[in-house]
>>> print(open('my_file_30.cif').read())   # mmCIF, C-alpha atoms
data_structure
#
loop_
_atom_site.label_atom_id
_atom_site.label_comp_id
_atom_site.auth_asym_id
_atom_site.auth_seq_id
_atom_site.Cartn_x
_atom_site.Cartn_y
_atom_site.Cartn_z
CA MET A 1 -5.97 17.65 9.49
CA THR A 2 -2.24 17.44 8.77
CA THR A 3 -0.30 20.06 10.69
CA ALA A 4 3.06 21.67 10.10
CA ALA A 5 5.88 20.40 12.27
CA PRO A 6 6.59 22.44 15.38
CA SER A 7 10.06 23.70 16.18
CA THR A 8 12.62 20.96 16.70
CA SER A 9 14.63 22.98 19.19
CA ALA A 10 13.24 20.99 22.14
CA ARG A 11 14.12 17.35 22.56
CA GLY A 12 11.33 15.06 21.40
CA ARG A 13 10.63 11.35 21.59
CA PHE A 14 12.79 10.76 18.50
CA HIS A 15 15.63 13.18 19.24
CA GLU A 16 18.61 12.24 17.02
CA ARG A 17 17.02 8.98 15.90
CA VAL A 18 17.27 8.14 12.21
CA VAL A 19 13.88 7.30 10.72
CA VAL A 20 13.08 6.21 7.16
CA VAL A 21 9.56 6.81 5.86
CA THR A 22 8.63 5.32 2.49
CA GLY A 23 6.07 7.26 0.51
CA GLY A 24 6.73 10.27 2.72
CA GLY A 25 6.14 12.81 -0.03
CA SER A 26 2.36 12.86 0.27
CA GLY A 27 -0.71 11.80 2.22
CA ILE A 28 -0.25 9.72 5.36
CA GLY A 29 3.50 9.50 4.80
CA ARG A 30 3.86 13.27 4.70
CA ALA A 31 1.91 13.61 7.97
CA ILE A 32 4.18 11.03 9.59
CA VAL A 33 7.28 12.89 8.41
CA GLN A 34 5.95 16.22 9.68
CA ARG A 35 5.17 14.79 13.09
CA LEU A 36 8.54 13.04 13.35
CA ALA A 37 10.30 16.27 12.47
CA GLY A 38 8.54 17.93 15.36
CA GLU A 39 9.83 15.18 17.66
CA GLY A 40 13.48 15.72 16.72
CA ALA A 41 13.99 12.80 14.33
CA ARG A 42 16.55 12.81 11.53
CA ILE A 43 14.41 11.72 8.62
CA ALA A 44 14.91 10.10 5.24
CA ILE A 45 11.97 10.21 2.85
CA VAL A 46 12.16 7.37 0.32
CA ASP A 47 9.63 8.01 -2.45
CA TRP A 48 9.33 7.28 -6.16
CA ASN A 49 8.16 10.89 -6.64
CA ARG A 50 11.36 12.84 -6.03
CA ASP A 51 9.71 16.23 -6.55
CA ALA A 52 7.10 15.56 -3.86
CA ALA A 53 9.73 14.24 -1.44
CA ASP A 54 12.00 17.22 -2.11
CA GLY A 55 9.11 19.61 -1.45
CA VAL A 56 8.34 18.09 1.95
CA ALA A 57 12.02 17.96 2.87
CA ALA A 58 12.60 21.59 1.86
CA SER A 59 9.62 22.90 3.85
CA LEU A 60 10.68 21.10 7.01
CA THR A 61 14.38 21.85 6.63
CA ALA A 62 13.49 25.53 6.46
CA GLY A 63 11.98 25.14 9.92
CA GLY A 64 15.15 23.61 11.36
CA ALA A 65 14.45 19.90 10.90
CA GLU A 66 16.87 17.44 9.30
CA VAL A 67 14.97 15.81 6.44
CA LEU A 68 16.54 14.34 3.30
CA ALA A 69 14.80 12.99 0.19
CA PHE A 70 15.80 9.87 -1.71
CA ALA A 71 14.19 8.64 -4.94
CA ALA A 72 13.49 4.92 -5.23
CA ASP A 73 10.98 2.41 -6.57
CA ILE A 74 10.58 0.17 -3.54
CA SER A 75 9.40 -2.73 -5.70
CA GLN A 76 12.91 -2.96 -7.20
CA PRO A 77 15.64 -4.62 -5.07
CA GLN A 78 18.49 -2.56 -6.57
CA ASP A 79 16.63 0.70 -5.95
CA VAL A 80 16.03 -0.24 -2.32
CA GLU A 81 19.63 -1.33 -1.75
CA ARG A 82 20.99 1.88 -3.26
CA ALA A 83 18.58 4.18 -1.42
CA PHE A 84 19.14 2.61 2.00
CA ALA A 85 22.91 2.58 1.50
CA ASP A 86 22.68 6.30 0.71
CA VAL A 87 20.58 6.88 3.84
CA ARG A 88 23.16 5.16 6.03
CA THR A 89 25.97 7.17 4.40
CA ARG A 90 24.18 10.49 4.90
CA LEU A 91 22.43 9.94 8.24
CA GLY A 92 23.95 6.87 9.88
CA ALA A 93 22.39 3.71 11.24
CA ILE A 94 18.61 3.47 10.87
CA ASP A 95 16.64 3.29 14.13
CA VAL A 96 13.10 3.20 12.76
CA LEU A 97 11.59 2.15 9.43
CA VAL A 98 8.04 3.17 8.51
CA ASN A 99 6.74 1.05 5.63
CA ASN A 100 4.07 3.40 4.33
CA ALA A 101 4.24 3.38 0.51
CA ALA A 102 1.58 1.34 -1.30
CA ILE A 103 -0.58 1.36 -4.41
CA ALA A 104 -4.07 0.11 -5.29
CA GLU A 105 -4.33 0.14 -9.06
CA THR A 106 -6.37 -3.03 -9.61
CA ASP A 107 -9.72 -4.26 -8.36
CA ASP A 108 -11.99 -7.11 -9.48
CA VAL A 109 -10.17 -10.46 -9.77
CA VAL A 110 -11.82 -11.25 -13.10
CA GLU A 111 -10.84 -7.87 -14.53
CA THR A 112 -7.31 -7.75 -13.08
CA SER A 113 -4.44 -8.84 -15.32
CA TRP A 114 -1.60 -10.96 -14.01
CA ASP A 115 0.80 -8.06 -14.54
CA GLY A 116 -1.50 -5.71 -12.63
CA TRP A 117 -1.81 -8.16 -9.74
CA GLN A 118 1.95 -8.65 -9.61
CA HIS A 119 2.65 -4.92 -9.68
CA ASP A 120 0.25 -4.09 -6.84
CA LEU A 121 1.75 -6.83 -4.67
CA ALA A 122 5.31 -5.92 -5.65
CA VAL A 123 4.88 -2.38 -4.30
CA SER A 124 2.44 -2.90 -1.41
CA LEU A 125 3.93 -6.12 0.02
CA GLY A 126 7.21 -6.65 -1.80
CA GLY A 127 8.31 -3.11 -0.97
CA PRO A 128 7.90 -3.53 2.81
CA PHE A 129 9.70 -6.87 2.55
CA LEU A 130 12.65 -5.34 0.69
CA CYS A 131 12.87 -2.29 2.95
CA SER A 132 12.65 -4.42 6.10
CA LYS A 133 15.32 -6.72 4.70
CA ALA A 134 17.52 -3.66 4.11
CA VAL A 135 17.37 -2.48 7.74
CA LEU A 136 17.15 -5.71 9.74
CA PRO A 137 20.82 -6.83 9.64
CA GLN A 138 22.02 -3.55 11.12
CA MET A 139 19.20 -3.47 13.68
CA ILE A 140 20.11 -7.00 14.75
CA ASP A 141 23.79 -6.10 15.04
CA ARG A 142 22.97 -3.00 17.13
CA GLY A 143 20.52 -4.86 19.36
CA GLY A 144 17.41 -2.87 18.56
CA GLY A 145 15.17 -1.08 16.11
CA VAL A 146 11.54 -0.65 15.16
CA ILE A 147 9.68 -1.48 11.96
CA VAL A 148 6.20 0.04 11.65
CA SER A 149 4.20 -1.03 8.60
CA ILE A 150 0.95 0.49 7.38
CA ALA A 151 -1.63 -2.24 6.83
CA SER A 152 -5.36 -1.55 6.34
CA VAL A 153 -8.80 -2.60 7.51
CA ASN A 154 -8.87 -4.32 4.11
CA ALA A 155 -6.63 -6.96 5.70
CA PHE A 156 -9.51 -8.05 7.94
CA THR A 157 -12.68 -7.64 5.92
CA ALA A 158 -13.80 -7.60 2.28
CA ILE A 159 -14.03 -4.00 1.11
CA ASP A 160 -12.40 -3.44 -2.29
CA ASN A 161 -9.18 -3.76 -4.31
CA GLU A 162 -8.35 -7.44 -4.06
CA ALA A 163 -4.60 -7.23 -4.73
CA TYR A 164 -4.17 -4.32 -2.32
CA SER A 165 -6.22 -6.14 0.33
CA ALA A 166 -4.18 -9.33 -0.08
CA ALA A 167 -1.00 -7.29 0.27
CA LYS A 168 -2.25 -5.64 3.47
CA ALA A 169 -3.18 -9.02 4.92
CA GLY A 170 0.36 -10.07 4.07
CA ILE A 171 1.69 -7.04 5.96
CA VAL A 172 -0.07 -8.26 9.12
CA SER A 173 1.48 -11.71 8.76
CA LEU A 174 4.93 -10.35 7.86
CA THR A 175 4.79 -8.12 10.95
CA GLN A 176 4.02 -11.10 13.18
CA MET A 177 6.83 -13.15 11.71
CA MET A 178 9.44 -10.40 12.03
CA ALA A 179 8.35 -9.69 15.61
CA THR A 180 8.70 -13.30 16.72
CA ARG A 181 11.86 -14.06 14.78
CA TYR A 182 13.85 -10.94 15.66
CA GLY A 183 12.44 -9.99 19.05
CA LYS A 184 15.36 -11.74 20.75
CA HIS A 185 17.60 -9.17 19.07
CA GLY A 186 15.64 -6.24 20.49
CA VAL A 187 13.82 -5.53 17.22
CA ARG A 188 10.13 -4.66 17.38
CA ALA A 189 7.74 -5.02 14.43
CA VAL A 190 4.25 -3.53 14.57
CA ALA A 191 1.55 -2.45 12.12
CA VAL A 192 -1.23 0.12 11.87
CA ALA A 193 -4.47 -0.66 10.03
CA PRO A 194 -6.33 2.51 9.03
CA GLY A 195 -9.81 2.80 7.66
CA ALA A 196 -10.62 5.33 4.94
CA VAL A 197 -8.31 8.36 5.24
CA ARG A 198 -8.75 11.68 3.47
CA THR A 199 -5.70 12.03 1.21
CA GLU A 200 -4.88 13.08 -2.33
CA HIS A 201 -4.12 9.49 -3.33
CA PRO A 202 -4.96 8.91 -7.04
CA SER A 203 -7.48 6.17 -6.18
CA TRP A 204 -9.46 8.67 -4.07
CA LEU A 205 -9.13 11.49 -6.61
CA GLU A 206 -10.54 9.31 -9.37
CA ARG A 207 -13.56 8.40 -7.27
CA LEU A 208 -14.10 11.97 -6.13
CA GLU A 209 -14.26 13.12 -9.74
CA THR A 210 -17.23 10.82 -10.20
CA ASN A 211 -18.76 11.47 -6.77
CA PRO A 212 -17.62 14.67 -5.00
CA ALA A 213 -19.70 13.73 -1.93
CA LEU A 214 -17.88 10.41 -1.47
CA PHE A 215 -16.14 11.23 1.82
CA ASP A 216 -19.38 12.52 3.36
CA GLU A 217 -21.18 9.36 2.28
CA LEU A 218 -18.44 7.14 3.68
CA ALA A 219 -18.56 8.96 7.02
CA ARG A 220 -22.06 7.56 7.64
CA TRP A 221 -20.61 4.09 8.07
CA TYR A 222 -18.08 5.07 10.73
CA PRO A 223 -19.28 5.01 14.37
CA LEU A 224 -17.29 8.19 15.11
CA GLY A 225 -19.10 9.95 12.26
CA ARG A 226 -16.12 10.83 10.09
CA ILE A 227 -13.41 9.28 7.99
CA GLY A 228 -9.80 9.49 9.07
CA GLU A 229 -7.27 12.26 8.61
CA PRO A 230 -3.55 11.61 7.98
CA ASP A 231 -2.71 12.86 11.47
CA ASP A 232 -4.91 10.13 13.00
CA VAL A 233 -2.61 7.51 11.50
CA ALA A 234 0.55 9.50 12.20
CA SER A 235 -0.31 9.65 15.90
CA ALA A 236 -0.57 5.87 16.07
CA VAL A 237 2.68 5.40 14.14
CA LEU A 238 4.63 7.74 16.40
CA PHE A 239 3.33 6.03 19.53
CA LEU A 240 4.19 2.53 18.27
CA ALA A 241 7.64 3.61 17.08
CA SER A 242 8.46 5.33 20.38
CA ASP A 243 9.82 3.97 23.65
CA GLU A 244 6.32 4.35 25.09
CA ALA A 245 5.44 1.19 23.15
CA ALA A 246 8.56 -0.71 24.24
CA TRP A 247 6.60 -3.86 25.17
CA ILE A 248 4.39 -3.89 22.06
CA THR A 249 5.43 -6.06 19.15
CA GLY A 250 3.80 -8.34 16.61
CA SER A 251 0.43 -6.61 16.90
CA THR A 252 -1.63 -4.49 14.53
CA MET A 253 -3.32 -1.36 15.87
CA VAL A 254 -6.62 -0.70 14.12
CA VAL A 255 -7.19 3.03 13.58
CA ASP A 256 -10.55 3.11 11.85
CA GLY A 257 -13.08 5.25 13.72
CA GLY A 258 -14.81 2.06 14.85
CA LEU A 259 -15.53 0.66 11.39
CA LEU A 260 -14.52 -2.94 12.15
CA ALA A 261 -16.34 -2.90 15.49
CA GLY A 262 -19.70 -2.78 13.73
CA ASN A 263 -22.07 -0.52 11.87
CA GLN A 264 -25.25 0.63 13.57
CA VAL A 265 -26.23 2.84 10.61
CA MET A 266 -26.20 -0.17 8.32
CA MET A 267 -28.13 -2.27 10.84
CA ARG A 268 -30.82 0.39 11.24
CA GLU A 269 -31.21 0.62 7.48
CA VAL A 270 -31.36 -3.17 7.12
CA LEU A 271 -33.94 -3.46 9.91
CA ALA A 272 -35.99 -0.67 8.35
CA GLN A 273 -36.00 -2.50 5.04
CA ASP A 274 -37.07 -5.73 6.73
CA ALA A 275 -39.86 -4.11 8.77
CA PRO A 276 -43.36 -5.16 7.70
CA ALA A 277 -45.33 -2.59 5.76
CA PRO A 278 -48.03 -0.82 7.78
CA SER A 279 -51.47 -2.43 7.38
#
>>> encode(input="my_file_30.cif", output="structure tokens")
Amino acid sequence: MTTAAPSTSARGRFHERVVVVTGGGSGIGRAIVQRLAGEGARIAIVDWNRDAADGVAASLTAGGAEVLAFAADISQPQDVERAFADVRTRLGAIDVLVNNAAIAETDDVVETSWDGWQHDLAVSLGGPFLCSKAVLPQMIDRGGGVIVSIASVNAFTAIDNEAYSAAKAGIVSLTQMMATRYGKHGVRAVAVAPGAVRTEHPSWLERLETNPALFDELARWYPLGRIGEPDDVASAVLFLASDEAAWITGSTMVVDGGLLAGNQVMMREVLAQDAPAPS
């Protein structure tokens, strides 16, 4: 469950650090912003939905946090350049970037148009590339910084949404490359790969309209017996972005309730189907 940010009066792990969170107006991004606010960060939400970003910023600012909203389409280079220049003007040098924004609007390869494929990749992989490119020069000059990108279990196994999955696999590779290339400058790059997370993302809402019991059905396949909550991912992001993870770079933390480890429910059902009929 996503929780409201606690008071920022006490120093937290991110006290006075400038953090940019893309897609911070809803879902996992909103949970990350709320948790960062409680840890004393100075936060910039970069989101295409300005109203949603403004709403999150206003609620946290009322509690004493410093959170600003910036509207941008992260698939567009000029939007990214303008938004990140505005962030630096308003908040100063960026210490941490959280590449969270993504979309999953296409599915089957045969049914997906070229334009649809390009658009999904432009946001879900091109966006993290452009945002990382926007912060890296200053991080290199200052001798440090952290880039945390949200990947997915889709990067490691065939689940659904081919363009989205390809983009998330690209996130894992991009993270490795940035970590090895810029580590000598004190820059860390890490990723988090969640399983299914309960959010109001349009792709979930569409499926829930057809099957209201979807989340309960999905929970059966997770060894921990439930799907994820936004705070599960936010906890991993905050750890990896903090000094507690100072010797972690280039790796992807899987936060999936055990999904990729194996599925005993599925195995029991398969074995039951294969069992010989009683004589």
>>> resolve_selection(input="my_file_30.cif", expression="the PyMOL selection byres ((chain A and resi 99) around 8)", output="ChimeraX atom specification")
/A:21-22,97-98,100-101,127-128,131,147-150
>>> atom_distance(input="my_file_30.cif", atom1="CA of Ala261 in chain A", atom2="CA of Ser165 in chain A")
18.5 Å
>>> resolve_selection(input="my_file_30.cif", expression="the PyMOL selection byres ((chain A and resi 175) around 8)", output="ChimeraX atom specification")
/A:149,171-174,176-179,189-191,250-251
>>> resolve_selection(input="my_file_30.cif", expression="the PyMOL selection byres ((chain A and resi 182) around 10)", output="VMD selection string")
chain A and resid 136 139 to 140 143 to 145 177 to 181 183 to 189
>>> write_last_selection(input="my_file_30.cif", atoms="C-alpha atoms", output="PDB file, in the coordinates of the input")
ATOM      1  CA  LEU A 136      17.150  -5.710   9.740  1.00  0.00           C
ATOM      2  CA  MET A 139      19.200  -3.470  13.680  1.00  0.00           C
ATOM      3  CA  ILE A 140      20.110  -7.000  14.750  1.00  0.00           C
ATOM      4  CA  GLY A 143      20.520  -4.860  19.360  1.00  0.00           C
ATOM      5  CA  GLY A 144      17.410  -2.870  18.560  1.00  0.00           C
ATOM      6  CA  GLY A 145      15.170  -1.080  16.110  1.00  0.00           C
ATOM      7  CA  MET A 177       6.830 -13.150  11.710  1.00  0.00           C
ATOM      8  CA  MET A 178       9.440 -10.400  12.030  1.00  0.00           C
ATOM      9  CA  ALA A 179       8.350  -9.690  15.610  1.00  0.00           C
ATOM     10  CA  THR A 180       8.700 -13.300  16.720  1.00  0.00           C
ATOM     11  CA  ARG A 181      11.860 -14.060  14.780  1.00  0.00           C
ATOM     12  CA  GLY A 183      12.440  -9.990  19.050  1.00  0.00           C
ATOM     13  CA  LYS A 184      15.360 -11.740  20.750  1.00  0.00           C
ATOM     14  CA  HIS A 185      17.600  -9.170  19.070  1.00  0.00           C
ATOM     15  CA  GLY A 186      15.640  -6.240  20.490  1.00  0.00           C
ATOM     16  CA  VAL A 187      13.820  -5.530  17.220  1.00  0.00           C
ATOM     17  CA  ARG A 188      10.130  -4.660  17.380  1.00  0.00           C
ATOM     18  CA  ALA A 189       7.740  -5.020  14.430  1.00  0.00           C
TER      19      ALA A 189
END
>>> residues_around(input="my_file_30.cif", residues="Ala155 in chain A", least_positions_apart="5", cutoff="7 Å", atoms="all atoms listed in the file", output="ChimeraX atom specification")
/A:165-166,168-169
>>> write_last_selection(input="my_file_30.cif", atoms="C-alpha atoms", output="short mmCIF file (atom, residue, chain, number, x, y, z; two decimals), in the frame of the given file")
data_model
loop_
_atom_site.label_atom_id
_atom_site.label_comp_id
_atom_site.auth_asym_id
_atom_site.auth_seq_id
_atom_site.Cartn_x
_atom_site.Cartn_y
_atom_site.Cartn_z
CA SER A 165 -6.22 -6.14 0.33
CA ALA A 166 -4.18 -9.33 -0.08
CA LYS A 168 -2.25 -5.64 3.47
CA ALA A 169 -3.18 -9.02 4.92
#
>>> axis_aligned_box(input="my_file_30.cif", around="range 177-195 of chain A", padding_each_side="4 Å", output="lines of an AutoDock Vina configuration file")
center_x = 3.9
center_y = -5.6
center_z = 14.2
size_x = 35.4
size_y = 24.9
size_z = 21.1
>>> decode(input="my_file_30.cif", residues="range 74-188 of chain A", atoms="C-alpha atoms", output="compact mmCIF listing (two decimals), in the first residue's frame")
# COMPACT_ATOMS: atom_id res chain seq x y z
CA ILE A 74 10.14 12.02 -22.39
CA SER A 75 10.12 10.50 -25.88
CA GLN A 76 10.85 13.95 -27.34
CA PRO A 77 14.44 15.26 -27.07
CA GLN A 78 13.43 18.94 -26.93
CA ASP A 79 10.92 18.27 -24.14
CA VAL A 80 13.56 16.46 -22.10
CA GLU A 81 16.19 19.15 -22.65
CA ARG A 82 13.78 21.90 -21.64
CA ALA A 83 12.42 20.08 -18.59
CA PHE A 84 15.84 19.13 -17.20
CA ALA A 85 17.19 22.63 -17.81
CA ASP A 86 14.21 23.96 -15.83
CA VAL A 87 14.91 21.47 -13.03
CA ARG A 88 18.52 22.60 -12.76
CA THR A 89 17.43 26.26 -12.74
CA ARG A 90 14.84 25.70 -10.01
CA LEU A 91 16.54 23.07 -7.85
CA GLY A 92 20.21 22.92 -8.83
CA ALA A 93 22.41 20.03 -9.91
CA ILE A 94 20.68 16.66 -10.11
CA ASP A 95 22.00 13.98 -7.75
CA VAL A 96 19.63 11.12 -8.60
CA LEU A 97 17.53 10.26 -11.65
CA VAL A 98 14.75 7.68 -11.42
CA ASN A 99 13.71 6.51 -14.88
CA ASN A 100 10.22 5.28 -14.07
CA ALA A 101 7.89 6.42 -16.88
CA ALA A 102 6.88 3.78 -19.44
CA ILE A 103 3.95 2.66 -21.56
CA ALA A 104 2.67 -0.69 -22.84
CA GLU A 105 0.16 0.07 -25.56
CA THR A 106 0.94 -2.75 -28.00
CA ASP A 107 1.05 -6.52 -27.73
CA ASP A 108 1.16 -9.28 -30.36
CA VAL A 109 3.92 -8.76 -32.96
CA VAL A 110 1.59 -9.66 -35.83
CA GLU A 111 -1.04 -7.20 -34.62
CA THR A 112 1.34 -4.37 -33.70
CA SER A 113 1.88 -1.60 -36.23
CA TRP A 114 5.30 -0.14 -36.89
CA ASP A 115 4.16 3.18 -35.45
CA GLY A 116 2.87 1.46 -32.32
CA TRP A 117 6.12 -0.44 -31.86
CA GLN A 118 8.16 2.72 -32.33
CA HIS A 119 6.04 4.69 -29.88
CA ASP A 120 6.26 2.10 -27.09
CA LEU A 121 10.04 1.90 -27.47
CA ALA A 122 10.40 5.68 -27.77
CA VAL A 123 8.81 6.20 -24.35
CA SER A 124 9.90 3.08 -22.46
CA LEU A 125 13.51 2.89 -23.69
CA GLY A 126 14.13 6.12 -25.58
CA GLY A 127 12.88 8.15 -22.62
CA PRO A 128 15.35 6.65 -20.13
CA PHE A 129 18.12 7.15 -22.71
CA LEU A 130 17.25 10.82 -23.20
CA CYS A 131 16.83 11.51 -19.48
CA SER A 132 20.08 9.74 -18.63
CA LYS A 133 21.84 11.68 -21.37
CA ALA A 134 20.47 14.90 -19.84
CA VAL A 135 21.95 14.24 -16.38
CA LEU A 136 25.18 12.38 -17.12
CA PRO A 137 27.44 15.29 -18.17
CA GLN A 138 26.81 17.15 -14.92
CA MET A 139 27.14 13.98 -12.84
CA ILE A 140 30.47 13.26 -14.52
CA ASP A 141 31.69 16.81 -13.91
CA ARG A 142 30.68 16.63 -10.23
CA GLY A 143 32.21 13.19 -9.72
CA GLY A 144 29.07 11.32 -8.76
CA GLY A 145 25.40 10.59 -9.20
CA VAL A 146 22.93 7.72 -9.38
CA ILE A 147 20.62 6.60 -12.17
CA VAL A 148 17.93 4.09 -11.16
CA SER A 149 15.81 2.71 -13.98
CA ILE A 150 12.65 0.65 -13.65
CA ALA A 151 12.91 -2.49 -15.76
CA SER A 152 10.53 -5.46 -15.43
CA VAL A 153 10.44 -9.23 -15.08
CA ASN A 154 9.36 -9.02 -18.74
CA ALA A 155 13.03 -8.37 -19.51
CA PHE A 156 13.88 -11.92 -18.45
CA THR A 157 10.96 -14.10 -19.45
CA ALA A 158 8.14 -14.14 -22.01
CA ILE A 159 5.00 -12.76 -20.39
CA ASP A 160 3.20 -10.21 -22.58
CA ASN A 161 3.53 -6.91 -24.47
CA GLU A 162 6.41 -7.54 -26.85
CA ALA A 163 7.49 -3.93 -27.41
CA TYR A 164 7.34 -3.13 -23.69
CA SER A 165 9.28 -6.31 -22.89
CA ALA A 166 11.95 -5.51 -25.48
CA ALA A 167 12.26 -2.01 -24.02
CA LYS A 168 12.69 -3.38 -20.50
CA ALA A 169 15.36 -5.80 -21.68
CA GLY A 170 17.04 -2.77 -23.23
CA ILE A 171 16.89 -1.00 -19.86
CA VAL A 172 18.89 -3.83 -18.29
CA SER A 173 21.55 -3.57 -21.00
CA LEU A 174 21.62 0.24 -20.93
CA THR A 175 22.09 0.10 -17.15
CA GLN A 176 25.06 -2.23 -17.51
CA MET A 177 26.67 -0.05 -20.15
CA MET A 178 26.26 3.18 -18.19
CA ALA A 179 27.59 1.53 -15.03
CA THR A 180 30.75 0.27 -16.70
CA ARG A 181 31.39 3.34 -18.83
CA TYR A 182 30.83 6.01 -16.17
CA GLY A 183 31.76 4.20 -12.97
CA LYS A 184 35.22 5.75 -13.10
CA HIS A 185 33.50 9.12 -12.70
CA GLY A 186 31.67 8.03 -9.55
CA VAL A 187 28.35 7.50 -11.34
CA ARG A 188 26.28 4.45 -10.42
